[in-house]
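S.K.: Take a look at target_25.cif, mmCIF, C-alpha atoms and all ligand atoms:
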data_model
loop_
_atom_site.group_PDB
_atom_site.id
_atom_site.type_symbol
_atom_site.label_atom_id
_atom_site.label_comp_id
_atom_site.auth_asym_id
_atom_site.auth_seq_id
_atom_site.Cartn_x
_atom_site.Cartn_y
_atom_site.Cartn_z
ATOM 1 C CA MET X 122 15.159 -8.954 13.518
ATOM 2 C CA ASP X 123 12.992 -5.973 12.586
ATOM 3 C CA THR X 124 14.368 -4.911 9.210
ATOM 4 C CA LYS X 125 12.144 -1.798 9.365
ATOM 5 C CA ALA X 126 14.761 -0.415 11.794
ATOM 6 C CA LEU X 127 16.970 0.002 8.720
ATOM 7 C CA TYR X 128 14.437 2.448 7.264
ATOM 8 C CA ASN X 129 15.650 4.887 9.944
ATOM 9 C CA LEU X 130 18.979 5.245 8.153
ATOM 10 C CA SER X 131 19.138 8.615 6.336
ATOM 11 C CA TYR X 132 19.938 8.958 2.642
ATOM 12 C CA GLY X 133 20.017 11.532 -0.120
ATOM 13 C CA VAL X 134 18.480 11.028 -3.573
ATOM 14 C CA PHE X 135 20.639 11.138 -6.701
ATOM 15 C CA ILE X 136 20.558 10.707 -10.448
ATOM 16 C CA LEU X 137 23.399 8.323 -11.239
ATOM 17 C CA GLY X 138 24.574 8.948 -14.813
ATOM 18 C CA ALA X 139 26.767 6.684 -16.926
ATOM 19 C CA LYS X 140 28.021 6.295 -20.484
ATOM 20 C CA ALA X 141 29.045 3.157 -22.346
ATOM 21 C CA GLY X 142 30.025 3.314 -26.012
ATOM 22 C CA ASN X 143 27.814 5.966 -27.565
ATOM 23 C CA ARG X 144 24.882 5.376 -25.149
ATOM 24 C CA ILE X 145 24.143 7.502 -22.099
ATOM 25 C CA ASN X 146 21.773 6.514 -19.316
ATOM 26 C CA ALA X 147 20.962 7.254 -15.677
ATOM 27 C CA CYS X 148 18.910 5.890 -12.784
ATOM 28 C CA VAL X 149 17.700 7.162 -9.419
ATOM 29 C CA THR X 150 19.661 6.010 -6.386
ATOM 30 C CA ASN X 151 19.499 6.785 -2.705
ATOM 31 C CA THR X 152 22.810 5.206 -1.776
ATOM 32 C CA CYS X 153 25.925 7.368 -1.805
ATOM 33 C CA MET X 154 28.274 8.376 0.974
ATOM 34 C CA GLN X 155 31.725 9.877 1.255
ATOM 35 C CA VAL X 156 34.023 7.193 2.659
ATOM 36 C CA ALA X 157 37.529 8.775 2.545
ATOM 37 C CA ASN X 158 39.465 12.028 2.268
ATOM 38 C CA ASP X 159 42.645 12.813 0.338
ATOM 39 C CA PRO X 160 41.945 11.399 -2.129
ATOM 40 C CA VAL X 161 38.226 11.970 -1.708
ATOM 41 C CA ARG X 162 36.387 8.698 -2.176
ATOM 42 C CA ILE X 163 32.696 7.908 -2.272
ATOM 43 C CA ALA X 164 30.763 4.628 -2.275
ATOM 44 C CA ILE X 165 27.589 3.879 -4.224
ATOM 45 C CA SER X 166 25.438 0.752 -4.276
ATOM 46 C CA VAL X 167 23.661 -0.154 -7.507
ATOM 47 C CA LEU X 168 21.230 -2.981 -8.267
ATOM 48 C CA ASN X 169 23.067 -5.518 -10.397
ATOM 49 C CA ARG X 170 20.046 -5.835 -12.666
ATOM 50 C CA ASN X 171 20.084 -2.108 -13.500
ATOM 51 C CA HIS X 172 21.313 -1.123 -16.917
ATOM 52 C CA THR X 173 23.273 1.717 -15.287
ATOM 53 C CA CYS X 174 25.189 -0.831 -13.194
ATOM 54 C CA GLN X 175 26.435 -2.667 -16.280
ATOM 55 C CA MET X 176 27.397 0.637 -17.908
ATOM 56 C CA ILE X 177 29.495 1.645 -14.872
ATOM 57 C CA LYS X 178 31.175 -1.774 -14.857
ATOM 58 C CA ASP X 179 32.025 -1.280 -18.533
ATOM 59 C CA SER X 180 33.208 2.340 -18.369
ATOM 60 C CA GLY X 181 34.647 2.602 -14.833
ATOM 61 C CA SER X 182 33.164 6.041 -14.206
ATOM 62 C CA PHE X 183 29.887 7.756 -13.273
ATOM 63 C CA VAL X 184 28.445 11.112 -12.318
ATOM 64 C CA LEU X 185 25.991 11.918 -9.528
ATOM 65 C CA SER X 186 23.463 14.734 -9.713
ATOM 66 C CA VAL X 187 22.616 15.527 -6.092
ATOM 67 C CA LEU X 188 18.889 16.230 -6.317
ATOM 68 C CA ASP X 189 17.580 19.236 -4.441
ATOM 69 C CA LYS X 190 14.209 20.021 -2.886
ATOM 70 C CA SER X 191 12.829 21.359 -6.179
ATOM 71 C CA VAL X 192 12.908 17.906 -7.798
ATOM 72 C CA SER X 193 9.620 16.756 -9.317
ATOM 73 C CA PHE X 194 8.079 13.303 -9.184
ATOM 74 C CA GLU X 195 8.165 13.379 -13.007
ATOM 75 C CA THR X 196 11.982 13.397 -12.924
ATOM 76 C CA ILE X 197 12.074 10.558 -10.364
ATOM 77 C CA LYS X 198 9.650 8.562 -12.540
ATOM 78 C CA ARG X 199 11.638 9.170 -15.718
ATOM 79 C CA PHE X 200 14.921 7.906 -14.243
ATOM 80 C CA GLY X 201 13.738 5.550 -11.485
ATOM 81 C CA PHE X 202 10.665 3.762 -12.812
ATOM 82 C CA GLN X 203 11.891 2.587 -16.212
ATOM 83 C CA SER X 204 15.068 1.076 -17.596
ATOM 84 C CA GLY X 205 17.477 2.483 -20.145
ATOM 85 C CA ARG X 206 17.334 -0.958 -21.755
ATOM 86 C CA ASP X 207 13.785 -0.098 -22.906
ATOM 87 C CA VAL X 208 13.785 3.680 -23.362
ATOM 88 C CA ASP X 209 16.082 6.629 -23.977
ATOM 89 C CA LYS X 210 15.553 8.475 -20.681
ATOM 90 C CA PHE X 211 17.360 11.583 -21.944
ATOM 91 C CA LYS X 212 15.175 12.009 -25.048
ATOM 92 C CA ASP X 213 13.667 15.523 -24.957
ATOM 93 C CA PHE X 214 15.269 16.117 -21.555
ATOM 94 C CA GLU X 215 17.822 18.827 -20.713
ATOM 95 C CA TYR X 216 21.187 17.496 -19.530
ATOM 96 C CA SER X 217 24.917 18.243 -19.509
ATOM 97 C CA LEU X 218 27.964 16.000 -19.860
ATOM 98 C CA ASP X 219 30.905 15.878 -17.438
ATOM 99 C CA ALA X 220 34.555 15.497 -18.526
ATOM 100 C CA ASN X 221 34.101 11.709 -18.813
ATOM 101 C CA GLY X 222 31.027 12.087 -21.048
ATOM 102 C CA ASN X 223 28.615 11.006 -18.282
ATOM 103 C CA PRO X 224 25.235 12.799 -18.217
ATOM 104 C CA TYR X 225 23.999 14.941 -15.319
ATOM 105 C CA LEU X 226 21.130 17.312 -14.560
ATOM 106 C CA LYS X 227 21.727 21.009 -14.028
ATOM 107 C CA LYS X 228 18.116 21.695 -13.029
ATOM 108 C CA GLU X 229 16.640 20.208 -9.835
ATOM 109 C CA SER X 230 20.186 19.522 -8.601
ATOM 110 C CA CYS X 231 22.287 21.362 -6.021
ATOM 111 C CA ALA X 232 25.599 19.647 -6.848
ATOM 112 C CA VAL X 233 27.302 17.406 -9.364
ATOM 113 C CA ILE X 234 30.027 14.895 -8.484
ATOM 114 C CA SER X 235 32.117 13.023 -11.061
ATOM 115 C CA ALA X 236 34.008 9.894 -10.062
ATOM 116 C CA LYS X 237 36.184 7.066 -11.345
ATOM 117 C CA VAL X 238 35.755 3.563 -9.917
ATOM 118 C CA VAL X 239 38.735 2.282 -7.912
ATOM 119 C CA SER X 240 37.202 -0.961 -6.632
ATOM 120 C CA SER X 241 33.948 -2.900 -6.635
ATOM 121 C CA GLN X 242 32.414 -5.715 -4.669
ATOM 122 C CA ASP X 243 29.498 -7.891 -5.763
ATOM 123 C CA LEU X 244 27.001 -8.023 -2.875
ATOM 124 C CA GLY X 245 24.508 -10.281 -4.665
ATOM 125 C CA THR X 246 21.541 -7.992 -5.346
ATOM 126 C CA HIS X 247 23.803 -4.916 -5.534
ATOM 127 C CA MET X 248 27.257 -3.942 -6.716
ATOM 128 C CA LEU X 249 29.204 -1.744 -4.316
ATOM 129 C CA PHE X 250 31.460 0.707 -6.154
ATOM 130 C CA VAL X 251 34.146 2.714 -4.368
ATOM 131 C CA ALA X 252 35.237 5.625 -6.525
ATOM 132 C CA GLU X 253 37.628 8.552 -6.461
ATOM 133 C CA VAL X 254 36.029 11.954 -6.967
ATOM 134 C CA THR X 255 37.592 13.580 -10.048
ATOM 135 C CA ASP X 256 35.457 16.731 -10.100
ATOM 136 C CA ALA X 257 32.664 18.364 -8.110
ATOM 137 C CA GLU X 258 30.635 21.538 -8.468
ATOM 138 C CA ILE X 259 27.863 23.312 -6.586
ATOM 139 C CA LEU X 260 24.902 23.983 -8.901
ATOM 140 C CA SER X 261 22.378 25.729 -6.645
ATOM 141 C CA SER X 262 21.931 26.970 -3.088
ATOM 142 C CA ARG X 263 18.805 24.853 -2.607
ATOM 143 C CA ALA X 264 18.983 22.144 0.068
ATOM 144 C CA PRO X 265 19.542 18.541 -1.018
ATOM 145 C CA VAL X 266 16.453 16.363 -0.940
ATOM 146 C CA THR X 267 16.492 13.398 1.459
ATOM 147 C CA TYR X 268 15.039 9.945 0.910
ATOM 148 C CA ALA X 269 12.565 10.757 3.706
ATOM 149 C CA ASP X 270 11.480 13.909 1.781
ATOM 150 C CA TYR X 271 10.916 11.693 -1.258
ATOM 151 C CA GLN X 272 8.774 9.242 0.718
ATOM 152 C CA ASN X 273 6.790 11.908 2.609
ATOM 153 C CA GLU X 274 6.489 14.843 0.203
ATOM 154 C CA ILE X 275 7.389 13.967 -3.398
ATOM 155 C CA LYS X 276 5.949 10.497 -3.982
ATOM 156 C CA PRO X 277 2.184 10.739 -4.607
ATOM 157 C CA LYS X 278 0.097 9.374 -1.752
ATOM 158 C CA PRO X 279 -2.006 6.296 -2.485
ATOM 159 C CA ALA X 280 -5.714 7.157 -2.863
ATOM 160 C CA ALA X 281 -7.128 7.978 0.590
ATOM 161 C CA GLN X 282 -10.431 6.327 -0.249
ATOM 162 C CA LYS X 283 -10.180 2.602 0.449
ATOM 163 C CA PRO X 284 -12.526 0.445 -1.622
ATOM 164 C CA ALA X 285 -14.854 -2.069 -0.010
ATOM 165 C CA GLN X 286 -12.066 -4.576 -0.111
ATOM 166 C CA SER X 287 -14.041 -7.768 0.312
ATOM 167 C CA GLU X 288 -16.035 -7.009 -2.849
ATOM 168 C CA LYS X 289 -13.124 -5.861 -4.959
ATOM 169 C CA LYS X 290 -10.852 -8.093 -6.938
ATOM 170 C CA ILE X 291 -7.081 -7.643 -6.561
ATOM 171 C CA ILE X 292 -5.577 -7.004 -10.006
ATOM 172 C CA GLY X 293 -2.035 -6.084 -8.981
ATOM 173 C CA TRP X 294 0.415 -5.051 -6.276
ATOM 174 C CA ARG X 295 2.206 -1.709 -5.776
ATOM 175 C CA CYS X 296 5.561 -1.263 -4.035
ATOM 176 C CA LYS X 297 4.960 1.281 -1.250
ATOM 177 C CA ILE X 298 8.627 2.276 -1.356
ATOM 178 C CA CYS X 299 9.158 3.136 -5.023
ATOM 179 C CA GLY X 300 5.731 2.829 -6.661
ATOM 180 C CA TYR X 301 6.570 -0.139 -8.927
ATOM 181 C CA GLU X 302 3.420 -2.002 -10.006
ATOM 182 C CA LEU X 303 3.225 -5.757 -10.573
ATOM 183 C CA MET X 304 0.015 -6.400 -12.501
ATOM 184 C CA GLN X 305 -0.963 -9.909 -11.363
ATOM 185 C CA ALA X 306 -3.403 -11.121 -8.698
ATOM 186 C CA GLU X 307 -0.970 -13.184 -6.641
ATOM 187 C CA LEU X 308 2.115 -11.754 -4.951
ATOM 188 C CA PRO X 309 4.646 -14.501 -4.145
ATOM 189 C CA ALA X 310 5.778 -14.334 -0.473
ATOM 190 C CA ASP X 311 9.427 -14.199 -1.531
ATOM 191 C CA TYR X 312 8.855 -11.503 -4.181
ATOM 192 C CA VAL X 313 11.405 -8.680 -4.212
ATOM 193 C CA CYS X 314 10.751 -5.340 -5.923
ATOM 194 C CA PRO X 315 12.769 -5.265 -9.163
ATOM 195 C CA LEU X 316 13.219 -1.495 -8.837
ATOM 196 C CA CYS X 317 14.191 -0.835 -5.240
ATOM 197 C CA GLY X 318 14.792 -4.317 -3.816
ATOM 198 C CA HIS X 319 12.159 -4.097 -1.041
ATOM 199 C CA PRO X 320 10.323 -7.304 -0.045
ATOM 200 C CA ALA X 321 6.700 -8.476 -0.525
ATOM 201 C CA GLU X 322 5.582 -6.978 2.805
ATOM 202 C CA ASP X 323 6.188 -3.502 1.357
ATOM 203 C CA PHE X 324 3.589 -4.061 -1.384
ATOM 204 C CA GLU X 325 -0.052 -2.992 -1.200
ATOM 205 C CA PRO X 326 -2.890 -4.407 -3.292
ATOM 206 C CA ILE X 327 -4.287 -2.623 -6.349
ATOM 207 C CA TYR X 328 -8.026 -3.271 -6.598
ATOM 208 C CA GLU X 329 -10.135 -3.316 -9.747
ATOM 209 C CA ALA X 330 -11.818 0.039 -10.427
HETATM 210 C C1 LIG C 1 13.530 6.769 -4.738
HETATM 211 C C2 LIG C 1 14.270 5.651 -5.458
HETATM 212 C C3 LIG C 1 15.474 5.201 -4.949
HETATM 213 C C4 LIG C 1 16.206 4.214 -5.621
HETATM 214 N N1 LIG C 1 17.406 3.803 -5.110
HETATM 215 C C5 LIG C 1 18.179 2.935 -5.804
HETATM 216 C C6 LIG C 1 19.506 2.588 -5.354
HETATM 217 O O1 LIG C 1 19.995 3.047 -4.322
HETATM 218 N N2 LIG C 1 20.246 1.724 -6.121
HETATM 219 C C7 LIG C 1 19.731 1.223 -7.286
HETATM 220 O O2 LIG C 1 20.452 0.458 -7.954
HETATM 221 N N3 LIG C 1 18.480 1.508 -7.738
HETATM 222 C C8 LIG C 1 17.701 2.356 -7.027
HETATM 223 N N4 LIG C 1 16.442 2.690 -7.478
HETATM 224 C C9 LIG C 1 15.880 1.989 -8.637
HETATM 225 C C10 LIG C 1 16.400 2.449 -10.017
HETATM 226 O O3 LIG C 1 16.364 3.846 -10.165
HETATM 227 C C11 LIG C 1 15.489 1.771 -11.064
HETATM 228 O O4 LIG C 1 15.606 0.371 -10.955
HETATM 229 C C12 LIG C 1 15.771 2.218 -12.501
HETATM 230 O O5 LIG C 1 14.640 1.913 -13.297
HETATM 231 C C13 LIG C 1 16.984 1.529 -13.126
HETATM 232 O O6 LIG C 1 17.157 2.020 -14.438
HETATM 233 P P1 LIG C 1 18.264 1.440 -15.446
HETATM 234 O O7 LIG C 1 17.909 0.000 -15.727
HETATM 235 O O8 LIG C 1 18.154 2.315 -16.650
HETATM 236 O O9 LIG C 1 19.587 1.561 -14.762
HETATM 237 C C14 LIG C 1 15.694 3.669 -6.821
HETATM 238 C C15 LIG C 1 14.473 4.129 -7.350
HETATM 239 C C16 LIG C 1 13.761 5.110 -6.672
HETATM 240 C C17 LIG C 1 12.462 5.609 -7.254
#
Re-express the file's structure as structure tokens.
Ligand SMILES: Cc1cc2nc3c(=O)[nH]c(=O)nc-3n(C[C@H](O)[C@H](O)[C@H](O)COP(=O)(O)O)c2cc1C

M.R.:
Amino acid sequence: MDTKALYNLSYGVFILGAKAGNRINACVTNTCMQVANDPVRIAISVLNRNHTCQMIKDSGSFVLSVLDKSVSFETIKRFGFQSGRDVDKFKDFEYSLDANGNPYLKKESCAVISAKVVSSQDLGTHMLFVAEVTDAEILSSRAPVTYADYQNEIKPKPAAQKPAQSEKKIIGWRCKICGYELMQAELPADYVCPLCGHPAEDFEPIYEA
């Protein structure tokens, strides 16, 4: 099986916001689709290890900012490359709250969708949430950004200049899908990216300067 065939599936890119107790948090996701009408239901898939996943399990609701083509890599990095367990991602960042108290972005977003979880299924790496849409609003007329746009236009390209590899020592490995860096010389064959769940074959070496 060529799992790269799955990369031809199309996705959007979202900021998935949640609240639990008095803490708010959000992470980047690329997995959301409408799965039913009347009532309108959507499905999202969230890495079980993500702090946001636990918050949604606890609160039973979430909000999606549908990112548009104006989104910057800085915003993706802020919400997708670090965990709310370690940092307050909303510190010094402009946001709004929906009716459930979940945080969303007005800038860089073309729509906001609030939802309440109606069922969930543990898929191992990910939790699949099916949720009823409780509110939705258009925020801008800009087009939504796609996951392909993120890969091809927003994510910085790795340095074009390749070092003389035989002479350079490998000091780490970078996930080509989400940019996560593992700073150790050896990459285990069964390693899976802790951020986006992609396997070892999607990592490229980082050489010493
Ligand atoms: C472009 C991109 C797409 C991502 N897609 C998903 C996704 O669909 N589901 C998911 O759980 N995490 C996804 N992630 C990873 C999370 O955003 C990342 O693990 C984040 O640091 C989790 O933060 P948290 O621990 O505060 O929830 C994606 C990251 C990027 C950069």

S.K.: Could you give me, as a ChimeraX atom specification, every polymer residue with an atom at most 6 Å away from an atom of ligand LIG 1 (chain C), counting all atoms listed in the file?

M.R.: /X:147-152,166-168,171-173,197,200-205,299,316-317

S.K.: Could you tell me which of X:Arg206, X:Arg199, X:Lys140, X:Arg170 comes closest to X:Val184 if we count all atoms listed in the file?

M.R.: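 So, comparing all the options, the nearest one is X:Lys140.
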
S.K.: May I ask for the distance between atom CA of X:Lys198 and atom CA of X:Glu329, given in Å to one decimal place?

M.R.: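 Taking atom CA of X:Lys198 and atom CA of X:Glu329, their separation equals 23.2 Å.
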
S.K.: Atom CA of X:Pro224 and atom CA of X:Val254 are how many Å apart?

M.R.: 15.6 Å

S.K.: Find the residues near X:Met304: any atom within 10 Å, counting all atoms listed in the file, skip ones fewer than 3 places away on the same chain, and give them as a short mmCIF file (atom, residue, chain, number, x, y, z; two decimals) with C-alpha atoms, in the coordinates of the input.

M.R.:
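Everything below was put into result29.cif:
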data_model
loop_
_atom_site.label_atom_id
_atom_site.label_comp_id
_atom_site.auth_asym_id
_atom_site.auth_seq_id
_atom_site.Cartn_x
_atom_site.Cartn_y
_atom_site.Cartn_z
CA ILE X 291 -7.08 -7.64 -6.56
CA ILE X 292 -5.58 -7.00 -10.01
CA GLY X 293 -2.04 -6.08 -8.98
CA TRP X 294 0.42 -5.05 -6.28
CA ARG X 295 2.21 -1.71 -5.78
CA TYR X 301 6.57 -0.14 -8.93
CA GLU X 307 -0.97 -13.18 -6.64
CA LEU X 308 2.12 -11.75 -4.95
CA PRO X 326 -2.89 -4.41 -3.29
CA ILE X 327 -4.29 -2.62 -6.35
#

S.K.: Determine, counting all atoms listed in the file, which protein, DNA and RNA residues have an atom within 8 Å of an atom of stretch 227-244 of chain X; residues of the same chain fewer than 3 positions away are not included. Present the result as a PyMOL selection string.

M.R.: chain X and resi 181-193+216-217+219+247-265

S.K.: One decimal, in Å: what's the spacing between atom CA of X:Ile165 and atom CA of X:Tyr312?

M.R.: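 Here the two named atoms are 24.2 Å from each other.
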